[in-house]
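Visitor: Here you go, start32.pdb (PDB, N, CA and C atoms and all ligand atoms):
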```
ATOM      1  N   MET W   1      13.890 -19.011 -10.077  1.00  0.00           N
ATOM      2  CA  MET W   1      13.268 -17.935 -10.854  1.00  0.00           C
ATOM      3  C   MET W   1      12.929 -18.415 -12.246  1.00  0.00           C
ATOM      4  N   ALA W   2      12.499 -17.507 -13.103  1.00  0.00           N
ATOM      5  CA  ALA W   2      12.070 -17.882 -14.444  1.00  0.00           C
ATOM      6  C   ALA W   2      13.257 -18.338 -15.287  1.00  0.00           C
ATOM      7  N   GLU W   3      12.993 -19.238 -16.203  1.00  0.00           N
ATOM      8  CA  GLU W   3      14.030 -19.702 -17.093  1.00  0.00           C
ATOM      9  C   GLU W   3      14.399 -18.600 -18.082  1.00  0.00           C
ATOM     10  N   LYS W   4      15.639 -18.663 -18.551  1.00  0.00           N
ATOM     11  CA  LYS W   4      16.031 -17.702 -19.577  1.00  0.00           C
ATOM     12  C   LYS W   4      15.226 -17.973 -20.849  1.00  0.00           C
ATOM     13  N   GLY W   5      14.761 -16.908 -21.475  1.00  0.00           N
ATOM     14  CA  GLY W   5      13.950 -17.074 -22.671  1.00  0.00           C
ATOM     15  C   GLY W   5      12.470 -16.938 -22.375  1.00  0.00           C
ATOM     16  N   ARG W   6      12.089 -17.281 -21.152  1.00  0.00           N
ATOM     17  CA  ARG W   6      10.679 -17.156 -20.795  1.00  0.00           C
ATOM     18  C   ARG W   6      10.273 -15.688 -20.675  1.00  0.00           C
ATOM     19  N   GLN W   7      11.231 -14.847 -20.373  1.00  0.00           N
ATOM     20  CA  GLN W   7      10.903 -13.436 -20.190  1.00  0.00           C
ATOM     21  C   GLN W   7      10.397 -12.802 -21.481  1.00  0.00           C
ATOM     22  N   LEU W   8      10.893 -13.281 -22.612  1.00  0.00           N
ATOM     23  CA  LEU W   8      10.421 -12.747 -23.882  1.00  0.00           C
ATOM     24  C   LEU W   8       8.935 -13.022 -24.049  1.00  0.00           C
ATOM     25  N   ASP W   9       8.523 -14.207 -23.654  1.00  0.00           N
ATOM     26  CA  ASP W   9       7.106 -14.538 -23.740  1.00  0.00           C
ATOM     27  C   ASP W   9       6.268 -13.631 -22.846  1.00  0.00           C
ATOM     28  N   LEU W  10       6.798 -13.355 -21.684  1.00  0.00           N
ATOM     29  CA  LEU W  10       6.051 -12.531 -20.742  1.00  0.00           C
ATOM     30  C   LEU W  10       5.918 -11.106 -21.259  1.00  0.00           C
ATOM     31  N   THR W  11       7.010 -10.553 -21.754  1.00  0.00           N
ATOM     32  CA  THR W  11       6.970  -9.156 -22.166  1.00  0.00           C
ATOM     33  C   THR W  11       6.204  -8.967 -23.467  1.00  0.00           C
ATOM     34  N   SER W  12       6.067 -10.030 -24.253  1.00  0.00           N
ATOM     35  CA  SER W  12       5.346  -9.900 -25.517  1.00  0.00           C
ATOM     36  C   SER W  12       3.849 -10.081 -25.327  1.00  0.00           C
ATOM     37  N   SER W  13       3.461 -10.468 -24.132  1.00  0.00           N
ATOM     38  CA  SER W  13       2.049 -10.715 -23.886  1.00  0.00           C
ATOM     39  C   SER W  13       1.287  -9.402 -23.752  1.00  0.00           C
ATOM     40  N   ALA W  14       0.157  -9.315 -24.429  1.00  0.00           N
ATOM     41  CA  ALA W  14      -0.692  -8.130 -24.320  1.00  0.00           C
ATOM     42  C   ALA W  14      -1.838  -8.373 -23.343  1.00  0.00           C
ATOM     43  N   GLU W  15      -1.845  -9.552 -22.754  1.00  0.00           N
ATOM     44  CA  GLU W  15      -2.939  -9.873 -21.838  1.00  0.00           C
ATOM     45  C   GLU W  15      -2.808  -9.045 -20.562  1.00  0.00           C
ATOM     46  N   PRO W  16      -3.877  -8.413 -20.154  1.00  0.00           N
ATOM     47  CA  PRO W  16      -3.814  -7.682 -18.881  1.00  0.00           C
ATOM     48  C   PRO W  16      -3.750  -8.657 -17.721  1.00  0.00           C
ATOM     49  N   LEU W  17      -3.171  -8.216 -16.644  1.00  0.00           N
ATOM     50  CA  LEU W  17      -3.115  -9.052 -15.460  1.00  0.00           C
ATOM     51  C   LEU W  17      -4.520  -9.218 -14.901  1.00  0.00           C
ATOM     52  N   SER W  18      -4.763 -10.383 -14.375  1.00  0.00           N
ATOM     53  CA  SER W  18      -6.106 -10.663 -13.863  1.00  0.00           C
ATOM     54  C   SER W  18      -6.313 -10.084 -12.466  1.00  0.00           C
ATOM     55  N   VAL W  19      -5.223  -9.721 -11.837  1.00  0.00           N
ATOM     56  CA  VAL W  19      -5.350  -9.141 -10.502  1.00  0.00           C
ATOM     57  C   VAL W  19      -4.611  -7.818 -10.478  1.00  0.00           C
ATOM     58  N   GLY W  20      -5.031  -6.948  -9.602  1.00  0.00           N
ATOM     59  CA  GLY W  20      -4.365  -5.672  -9.436  1.00  0.00           C
ATOM     60  C   GLY W  20      -4.566  -4.737 -10.598  1.00  0.00           C
ATOM     61  N   GLN W  21      -5.711  -4.864 -11.269  1.00  0.00           N
ATOM     62  CA  GLN W  21      -5.946  -4.009 -12.418  1.00  0.00           C
ATOM     63  C   GLN W  21      -6.328  -2.595 -12.003  1.00  0.00           C
ATOM     64  N   SER W  22      -6.612  -2.399 -10.752  1.00  0.00           N
ATOM     65  CA  SER W  22      -6.939  -1.064 -10.265  1.00  0.00           C
ATOM     66  C   SER W  22      -6.263  -0.855  -8.924  1.00  0.00           C
ATOM     67  N   SER W  23      -6.307   0.375  -8.480  1.00  0.00           N
ATOM     68  CA  SER W  23      -5.668   0.701  -7.207  1.00  0.00           C
ATOM     69  C   SER W  23      -6.569   0.364  -6.031  1.00  0.00           C
ATOM     70  N   GLU W  24      -7.803   0.015  -6.323  1.00  0.00           N
ATOM     71  CA  GLU W  24      -8.720  -0.298  -5.236  1.00  0.00           C
ATOM     72  C   GLU W  24      -8.407  -1.663  -4.649  1.00  0.00           C
ATOM     73  N   ASN W  25      -8.553  -1.748  -3.372  1.00  0.00           N
ATOM     74  CA  ASN W  25      -8.334  -3.023  -2.707  1.00  0.00           C
ATOM     75  C   ASN W  25      -9.581  -3.881  -2.892  1.00  0.00           C
ATOM     76  N   PRO W  26      -9.448  -5.008  -3.555  1.00  0.00           N
ATOM     77  CA  PRO W  26     -10.632  -5.838  -3.777  1.00  0.00           C
ATOM     78  C   PRO W  26     -11.143  -6.432  -2.476  1.00  0.00           C
ATOM     79  N   PHE W  27     -12.430  -6.663  -2.432  1.00  0.00           N
ATOM     80  CA  PHE W  27     -12.998  -7.233  -1.213  1.00  0.00           C
ATOM     81  C   PHE W  27     -14.134  -8.175  -1.570  1.00  0.00           C
ATOM     82  N   LEU W  28     -14.468  -8.995  -0.611  1.00  0.00           N
ATOM     83  CA  LEU W  28     -15.601  -9.886  -0.721  1.00  0.00           C
ATOM     84  C   LEU W  28     -16.644  -9.471   0.308  1.00  0.00           C
ATOM     85  N   GLY W  29     -17.888  -9.703  -0.021  1.00  0.00           N
ATOM     86  CA  GLY W  29     -18.938  -9.536   0.968  1.00  0.00           C
ATOM     87  C   GLY W  29     -19.124 -10.852   1.706  1.00  0.00           C
ATOM     88  N   VAL W  30     -19.054 -10.779   3.004  1.00  0.00           N
ATOM     89  CA  VAL W  30     -19.133 -12.009   3.795  1.00  0.00           C
ATOM     90  C   VAL W  30     -20.235 -11.873   4.843  1.00  0.00           C
ATOM     91  N   HIS W  31     -21.073 -12.881   4.886  1.00  0.00           N
ATOM     92  CA  HIS W  31     -22.075 -12.957   5.944  1.00  0.00           C
ATOM     93  C   HIS W  31     -21.553 -13.887   7.026  1.00  0.00           C
ATOM     94  N   PHE W  32     -21.384 -13.334   8.210  1.00  0.00           N
ATOM     95  CA  PHE W  32     -20.918 -14.124   9.352  1.00  0.00           C
ATOM     96  C   PHE W  32     -22.136 -14.699  10.062  1.00  0.00           C
ATOM     97  N   ALA W  33     -22.356 -15.975   9.832  1.00  0.00           N
ATOM     98  CA  ALA W  33     -23.527 -16.612  10.425  1.00  0.00           C
ATOM     99  C   ALA W  33     -23.398 -16.714  11.941  1.00  0.00           C
ATOM    100  N   CYS W  34     -22.161 -16.685  12.443  1.00  0.00           N
ATOM    101  CA  CYS W  34     -21.949 -16.809  13.893  1.00  0.00           C
ATOM    102  C   CYS W  34     -22.674 -15.695  14.631  1.00  0.00           C
ATOM    103  N   CYS W  35     -22.695 -14.498  14.036  1.00  0.00           N
ATOM    104  CA  CYS W  35     -23.320 -13.356  14.690  1.00  0.00           C
ATOM    105  C   CYS W  35     -24.394 -12.724  13.807  1.00  0.00           C
ATOM    106  N   ASP W  36     -24.652 -13.352  12.666  1.00  0.00           N
ATOM    107  CA  ASP W  36     -25.658 -12.855  11.740  1.00  0.00           C
ATOM    108  C   ASP W  36     -25.395 -11.396  11.357  1.00  0.00           C
ATOM    109  N   VAL W  37     -24.148 -11.142  10.981  1.00  0.00           N
ATOM    110  CA  VAL W  37     -23.778  -9.798  10.552  1.00  0.00           C
ATOM    111  C   VAL W  37     -23.063  -9.896   9.206  1.00  0.00           C
ATOM    112  N   TYR W  38     -23.127  -8.804   8.480  1.00  0.00           N
ATOM    113  CA  TYR W  38     -22.496  -8.720   7.177  1.00  0.00           C
ATOM    114  C   TYR W  38     -21.286  -7.800   7.260  1.00  0.00           C
ATOM    115  N   SER W  39     -20.191  -8.201   6.608  1.00  0.00           N
ATOM    116  CA  SER W  39     -19.012  -7.354   6.621  1.00  0.00           C
ATOM    117  C   SER W  39     -18.208  -7.605   5.347  1.00  0.00           C
ATOM    118  N   ARG W  40     -17.256  -6.739   5.112  1.00  0.00           N
ATOM    119  CA  ARG W  40     -16.364  -6.902   3.966  1.00  0.00           C
ATOM    120  C   ARG W  40     -15.054  -7.529   4.425  1.00  0.00           C
ATOM    121  N   VAL W  41     -14.516  -8.374   3.544  1.00  0.00           N
ATOM    122  CA  VAL W  41     -13.216  -8.993   3.804  1.00  0.00           C
ATOM    123  C   VAL W  41     -12.301  -8.588   2.657  1.00  0.00           C
ATOM    124  N   TYR W  42     -11.197  -7.960   2.999  1.00  0.00           N
ATOM    125  CA  TYR W  42     -10.302  -7.408   1.982  1.00  0.00           C
ATOM    126  C   TYR W  42      -9.147  -8.349   1.674  1.00  0.00           C
ATOM    127  N   ALA W  43      -8.608  -8.199   0.474  1.00  0.00           N
ATOM    128  CA  ALA W  43      -7.455  -9.001   0.087  1.00  0.00           C
ATOM    129  C   ALA W  43      -6.232  -8.574   0.883  1.00  0.00           C
ATOM    130  N   ASN W  44      -5.339  -9.516   1.086  1.00  0.00           N
ATOM    131  CA  ASN W  44      -4.096  -9.194   1.771  1.00  0.00           C
ATOM    132  C   ASN W  44      -3.156  -8.457   0.808  1.00  0.00           C
ATOM    133  N   ARG W  45      -1.987  -8.112   1.307  1.00  0.00           N
ATOM    134  CA  ARG W  45      -1.057  -7.311   0.514  1.00  0.00           C
ATOM    135  C   ARG W  45      -0.674  -8.019  -0.780  1.00  0.00           C
ATOM    136  N   GLU W  46      -0.465  -9.306  -0.698  1.00  0.00           N
ATOM    137  CA  GLU W  46      -0.065 -10.078  -1.882  1.00  0.00           C
ATOM    138  C   GLU W  46      -1.254 -10.411  -2.769  1.00  0.00           C
ATOM    139  N   ARG W  47      -2.455 -10.144  -2.272  1.00  0.00           N
ATOM    140  CA  ARG W  47      -3.685 -10.482  -2.991  1.00  0.00           C
ATOM    141  C   ARG W  47      -3.746 -11.983  -3.298  1.00  0.00           C
ATOM    142  N   SER W  48      -3.213 -12.754  -2.396  1.00  0.00           N
ATOM    143  CA  SER W  48      -3.256 -14.205  -2.543  1.00  0.00           C
ATOM    144  C   SER W  48      -4.408 -14.793  -1.748  1.00  0.00           C
ATOM    145  N   ALA W  49      -4.997 -13.983  -0.899  1.00  0.00           N
ATOM    146  CA  ALA W  49      -6.103 -14.465  -0.076  1.00  0.00           C
ATOM    147  C   ALA W  49      -6.871 -13.274   0.475  1.00  0.00           C
ATOM    148  N   TYR W  50      -8.120 -13.533   0.816  1.00  0.00           N
ATOM    149  CA  TYR W  50      -8.929 -12.537   1.505  1.00  0.00           C
ATOM    150  C   TYR W  50      -8.978 -12.932   2.974  1.00  0.00           C
ATOM    151  N   VAL W  51      -8.616 -12.010   3.833  1.00  0.00           N
ATOM    152  CA  VAL W  51      -8.535 -12.313   5.260  1.00  0.00           C
ATOM    153  C   VAL W  51      -9.324 -11.257   6.019  1.00  0.00           C
ATOM    154  N   GLY W  52     -10.134 -11.699   6.952  1.00  0.00           N
ATOM    155  CA  GLY W  52     -10.899 -10.755   7.744  1.00  0.00           C
ATOM    156  C   GLY W  52     -11.387 -11.391   9.031  1.00  0.00           C
ATOM    157  N   HIS W  53     -12.139 -10.592   9.767  1.00  0.00           N
ATOM    158  CA  HIS W  53     -12.644 -11.048  11.058  1.00  0.00           C
ATOM    159  C   HIS W  53     -14.100 -10.649  11.188  1.00  0.00           C
ATOM    160  N   CYS W  54     -14.811 -11.463  11.933  1.00  0.00           N
ATOM    161  CA  CYS W  54     -16.175 -11.103  12.283  1.00  0.00           C
ATOM    162  C   CYS W  54     -16.130  -9.817  13.104  1.00  0.00           C
ATOM    163  N   PRO W  55     -16.941  -8.819  12.741  1.00  0.00           N
ATOM    164  CA  PRO W  55     -16.893  -7.534  13.463  1.00  0.00           C
ATOM    165  C   PRO W  55     -17.397  -7.641  14.895  1.00  0.00           C
ATOM    166  N   ARG W  56     -18.054  -8.716  15.215  1.00  0.00           N
ATOM    167  CA  ARG W  56     -18.602  -8.831  16.581  1.00  0.00           C
ATOM    168  C   ARG W  56     -17.784  -9.759  17.469  1.00  0.00           C
ATOM    169  N   CYS W  57     -17.469 -10.957  16.956  1.00  0.00           N
ATOM    170  CA  CYS W  57     -16.772 -11.913  17.820  1.00  0.00           C
ATOM    171  C   CYS W  57     -15.330 -12.142  17.378  1.00  0.00           C
ATOM    172  N   ALA W  58     -14.912 -11.456  16.304  1.00  0.00           N
ATOM    173  CA  ALA W  58     -13.528 -11.514  15.836  1.00  0.00           C
ATOM    174  C   ALA W  58     -13.141 -12.890  15.300  1.00  0.00           C
ATOM    175  N   LYS W  59     -14.137 -13.670  14.951  1.00  0.00           N
ATOM    176  CA  LYS W  59     -13.841 -14.953  14.305  1.00  0.00           C
ATOM    177  C   LYS W  59     -13.079 -14.683  13.015  1.00  0.00           C
ATOM    178  N   ARG W  60     -11.965 -15.408  12.814  1.00  0.00           N
ATOM    179  CA  ARG W  60     -11.114 -15.167  11.659  1.00  0.00           C
ATOM    180  C   ARG W  60     -11.582 -16.001  10.471  1.00  0.00           C
ATOM    181  N   VAL W  61     -11.621 -15.369   9.306  1.00  0.00           N
ATOM    182  CA  VAL W  61     -11.963 -16.085   8.084  1.00  0.00           C
ATOM    183  C   VAL W  61     -10.906 -15.792   7.033  1.00  0.00           C
ATOM    184  N   GLN W  62     -10.678 -16.764   6.170  1.00  0.00           N
ATOM    185  CA  GLN W  62      -9.699 -16.583   5.105  1.00  0.00           C
ATOM    186  C   GLN W  62     -10.174 -17.321   3.865  1.00  0.00           C
ATOM    187  N   PHE W  63     -10.082 -16.637   2.728  1.00  0.00           N
ATOM    188  CA  PHE W  63     -10.442 -17.230   1.453  1.00  0.00           C
ATOM    189  C   PHE W  63      -9.223 -17.187   0.550  1.00  0.00           C
ATOM    190  N   GLN W  64      -8.783 -18.334   0.105  1.00  0.00           N
ATOM    191  CA  GLN W  64      -7.632 -18.375  -0.786  1.00  0.00           C
ATOM    192  C   GLN W  64      -8.036 -17.917  -2.186  1.00  0.00           C
ATOM    193  N   VAL W  65      -7.151 -17.190  -2.841  1.00  0.00           N
ATOM    194  CA  VAL W  65      -7.371 -16.753  -4.202  1.00  0.00           C
ATOM    195  C   VAL W  65      -6.629 -17.696  -5.141  1.00  0.00           C
ATOM    196  N   GLY W  66      -7.312 -18.182  -6.148  1.00  0.00           N
ATOM    197  CA  GLY W  66      -6.646 -19.078  -7.080  1.00  0.00           C
ATOM    198  C   GLY W  66      -7.424 -19.197  -8.375  1.00  0.00           C
ATOM    199  N   THR W  67      -6.735 -19.616  -9.404  1.00  0.00           N
ATOM    200  CA  THR W  67      -7.409 -19.817 -10.676  1.00  0.00           C
ATOM    201  C   THR W  67      -8.306 -21.042 -10.580  1.00  0.00           C
ATOM    202  N   GLY W  68      -9.391 -20.997 -11.304  1.00  0.00           N
ATOM    203  CA  GLY W  68     -10.307 -22.117 -11.286  1.00  0.00           C
ATOM    204  C   GLY W  68     -11.245 -22.097 -10.101  1.00  0.00           C
ATOM    205  N   GLY W  69     -11.140 -21.071  -9.297  1.00  0.00           N
ATOM    206  CA  GLY W  69     -12.032 -20.947  -8.144  1.00  0.00           C
ATOM    207  C   GLY W  69     -13.339 -20.295  -8.547  1.00  0.00           C
ATOM    208  N   THR W  70     -14.127 -20.027  -7.540  1.00  0.00           N
ATOM    209  CA  THR W  70     -15.417 -19.423  -7.793  1.00  0.00           C
ATOM    210  C   THR W  70     -15.270 -17.945  -8.132  1.00  0.00           C
ATOM    211  N   ASP W  71     -16.192 -17.449  -8.919  1.00  0.00           N
ATOM    212  CA  ASP W  71     -16.226 -16.024  -9.232  1.00  0.00           C
ATOM    213  C   ASP W  71     -17.143 -15.278  -8.275  1.00  0.00           C
ATOM    214  N   SER W  72     -17.712 -15.992  -7.365  1.00  0.00           N
ATOM    215  CA  SER W  72     -18.642 -15.373  -6.428  1.00  0.00           C
ATOM    216  C   SER W  72     -17.938 -14.305  -5.604  1.00  0.00           C
ATOM    217  N   ARG W  73     -18.645 -13.235  -5.337  1.00  0.00           N
ATOM    218  CA  ARG W  73     -18.097 -12.154  -4.509  1.00  0.00           C
ATOM    219  C   ARG W  73     -18.785 -12.115  -3.163  1.00  0.00           C
ATOM    220  N   PHE W  74     -19.622 -13.099  -2.899  1.00  0.00           N
ATOM    221  CA  PHE W  74     -20.339 -13.114  -1.632  1.00  0.00           C
ATOM    222  C   PHE W  74     -20.260 -14.498  -1.030  1.00  0.00           C
ATOM    223  N   PHE W  75     -19.942 -14.541   0.248  1.00  0.00           N
ATOM    224  CA  PHE W  75     -19.798 -15.824   0.922  1.00  0.00           C
ATOM    225  C   PHE W  75     -20.491 -15.764   2.271  1.00  0.00           C
ATOM    226  N   SER W  76     -20.865 -16.932   2.732  1.00  0.00           N
ATOM    227  CA  SER W  76     -21.418 -17.042   4.068  1.00  0.00           C
ATOM    228  C   SER W  76     -20.577 -18.026   4.848  1.00  0.00           C
ATOM    229  N   VAL W  77     -20.163 -17.601   6.026  1.00  0.00           N
ATOM    230  CA  VAL W  77     -19.342 -18.469   6.868  1.00  0.00           C
ATOM    231  C   VAL W  77     -20.081 -18.718   8.175  1.00  0.00           C
ATOM    232  N   SER W  78     -19.864 -19.870   8.727  1.00  0.00           N
ATOM    233  CA  SER W  78     -20.529 -20.218   9.977  1.00  0.00           C
ATOM    234  C   SER W  78     -19.505 -20.574  11.041  1.00  0.00           C
TER     235      SER W  78
HETATM  236 ZN    ZN D   1     -19.212 -13.661  14.955  1.00  0.00          ZN
END
```
Show me this structure written as structure tokens.

Guide:
Amino acid sequence: MAEKGRQLDLTSSAEPLSVGQSSENPFLGVHFACCDVYSRVYANRERSAYVGHCPRCAKRVQFQVGTGGTDSRFFSVS
């Protein structure tokens, strides 16, 4: 867990969290090239990744969430 003393730094921070700023479940727009259909892929419970399936063939897709990644909200998978 966190080191002692680090908690003071955390609690003194006025920076808002970059994730979970609203109650809405974030999602990405994904174009499934396998079936040429568009669908939304929602974040998982931990919001560590976006996981979804092609609405037609159930192909599974997953996008990891991380700092330094793309800000794009739209992806195409094949
Ligand atoms: Zn498909």

Visitor: Quick one: residues within 8 Å of ligand ZN 1 (chain D), with all atoms listed in the file, as a PDB file with N, CA and C atoms, keeping the file's coordinate frame?

Guide:
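Once written, result.pdb looks like this:
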```pdb
ATOM      1  N   PHE W  32     -21.384 -13.334   8.210  1.00  0.00           N
ATOM      2  CA  PHE W  32     -20.918 -14.124   9.352  1.00  0.00           C
ATOM      3  C   PHE W  32     -22.136 -14.699  10.062  1.00  0.00           C
ATOM      4  N   ALA W  33     -22.356 -15.975   9.832  1.00  0.00           N
ATOM      5  CA  ALA W  33     -23.527 -16.612  10.425  1.00  0.00           C
ATOM      6  C   ALA W  33     -23.398 -16.714  11.941  1.00  0.00           C
ATOM      7  N   CYS W  34     -22.161 -16.685  12.443  1.00  0.00           N
ATOM      8  CA  CYS W  34     -21.949 -16.809  13.893  1.00  0.00           C
ATOM      9  C   CYS W  34     -22.674 -15.695  14.631  1.00  0.00           C
ATOM     10  N   CYS W  35     -22.695 -14.498  14.036  1.00  0.00           N
ATOM     11  CA  CYS W  35     -23.320 -13.356  14.690  1.00  0.00           C
ATOM     12  C   CYS W  35     -24.394 -12.724  13.807  1.00  0.00           C
ATOM     13  N   ASP W  36     -24.652 -13.352  12.666  1.00  0.00           N
ATOM     14  CA  ASP W  36     -25.658 -12.855  11.740  1.00  0.00           C
ATOM     15  C   ASP W  36     -25.395 -11.396  11.357  1.00  0.00           C
ATOM     16  N   VAL W  37     -24.148 -11.142  10.981  1.00  0.00           N
ATOM     17  CA  VAL W  37     -23.778  -9.798  10.552  1.00  0.00           C
ATOM     18  C   VAL W  37     -23.063  -9.896   9.206  1.00  0.00           C
ATOM     19  N   HIS W  53     -12.139 -10.592   9.767  1.00  0.00           N
ATOM     20  CA  HIS W  53     -12.644 -11.048  11.058  1.00  0.00           C
ATOM     21  C   HIS W  53     -14.100 -10.649  11.188  1.00  0.00           C
ATOM     22  N   CYS W  54     -14.811 -11.463  11.933  1.00  0.00           N
ATOM     23  CA  CYS W  54     -16.175 -11.103  12.283  1.00  0.00           C
ATOM     24  C   CYS W  54     -16.130  -9.817  13.104  1.00  0.00           C
ATOM     25  N   PRO W  55     -16.941  -8.819  12.741  1.00  0.00           N
ATOM     26  CA  PRO W  55     -16.893  -7.534  13.463  1.00  0.00           C
ATOM     27  C   PRO W  55     -17.397  -7.641  14.895  1.00  0.00           C
ATOM     28  N   ARG W  56     -18.054  -8.716  15.215  1.00  0.00           N
ATOM     29  CA  ARG W  56     -18.602  -8.831  16.581  1.00  0.00           C
ATOM     30  C   ARG W  56     -17.784  -9.759  17.469  1.00  0.00           C
ATOM     31  N   CYS W  57     -17.469 -10.957  16.956  1.00  0.00           N
ATOM     32  CA  CYS W  57     -16.772 -11.913  17.820  1.00  0.00           C
ATOM     33  C   CYS W  57     -15.330 -12.142  17.378  1.00  0.00           C
ATOM     34  N   ALA W  58     -14.912 -11.456  16.304  1.00  0.00           N
ATOM     35  CA  ALA W  58     -13.528 -11.514  15.836  1.00  0.00           C
ATOM     36  C   ALA W  58     -13.141 -12.890  15.300  1.00  0.00           C
ATOM     37  N   LYS W  59     -14.137 -13.670  14.951  1.00  0.00           N
ATOM     38  CA  LYS W  59     -13.841 -14.953  14.305  1.00  0.00           C
ATOM     39  C   LYS W  59     -13.079 -14.683  13.015  1.00  0.00           C
ATOM     40  N   ARG W  60     -11.965 -15.408  12.814  1.00  0.00           N
ATOM     41  CA  ARG W  60     -11.114 -15.167  11.659  1.00  0.00           C
ATOM     42  C   ARG W  60     -11.582 -16.001  10.471  1.00  0.00           C
ATOM     43  N   SER W  78     -19.864 -19.870   8.727  1.00  0.00           N
ATOM     44  CA  SER W  78     -20.529 -20.218   9.977  1.00  0.00           C
ATOM     45  C   SER W  78     -19.505 -20.574  11.041  1.00  0.00           C
TER      46      SER W  78
END
```

Visitor: Please return, as a PyMOL selection string, all polymer residues that have at least one atom within 6.5 Å of the point (-11.8, -12.1, 2.7); use only N, CA and C atoms and the file's own coordinate frame.

Guide: chain W and resi 27-28+40-43+49-52+61-63

Visitor: Using Å and a single decimal, report how far atom N of W:Val30 sits from atom N of W:Arg73.

Guide: 8.7 Å

Visitor: Find the distance between atom C of W:Gly29 and atom C of W:Ser76 and write it in Å to one decimal.

Guide: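 Answer for the atom C of W:Gly29 to atom C of W:Ser76 separation: 8.0 Å.
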
Visitor: Please, what distance in Å, to one decimal, runs between atom CA of W:Asn25 and atom CA of W:Ser48?

Guide: 12.3 Å
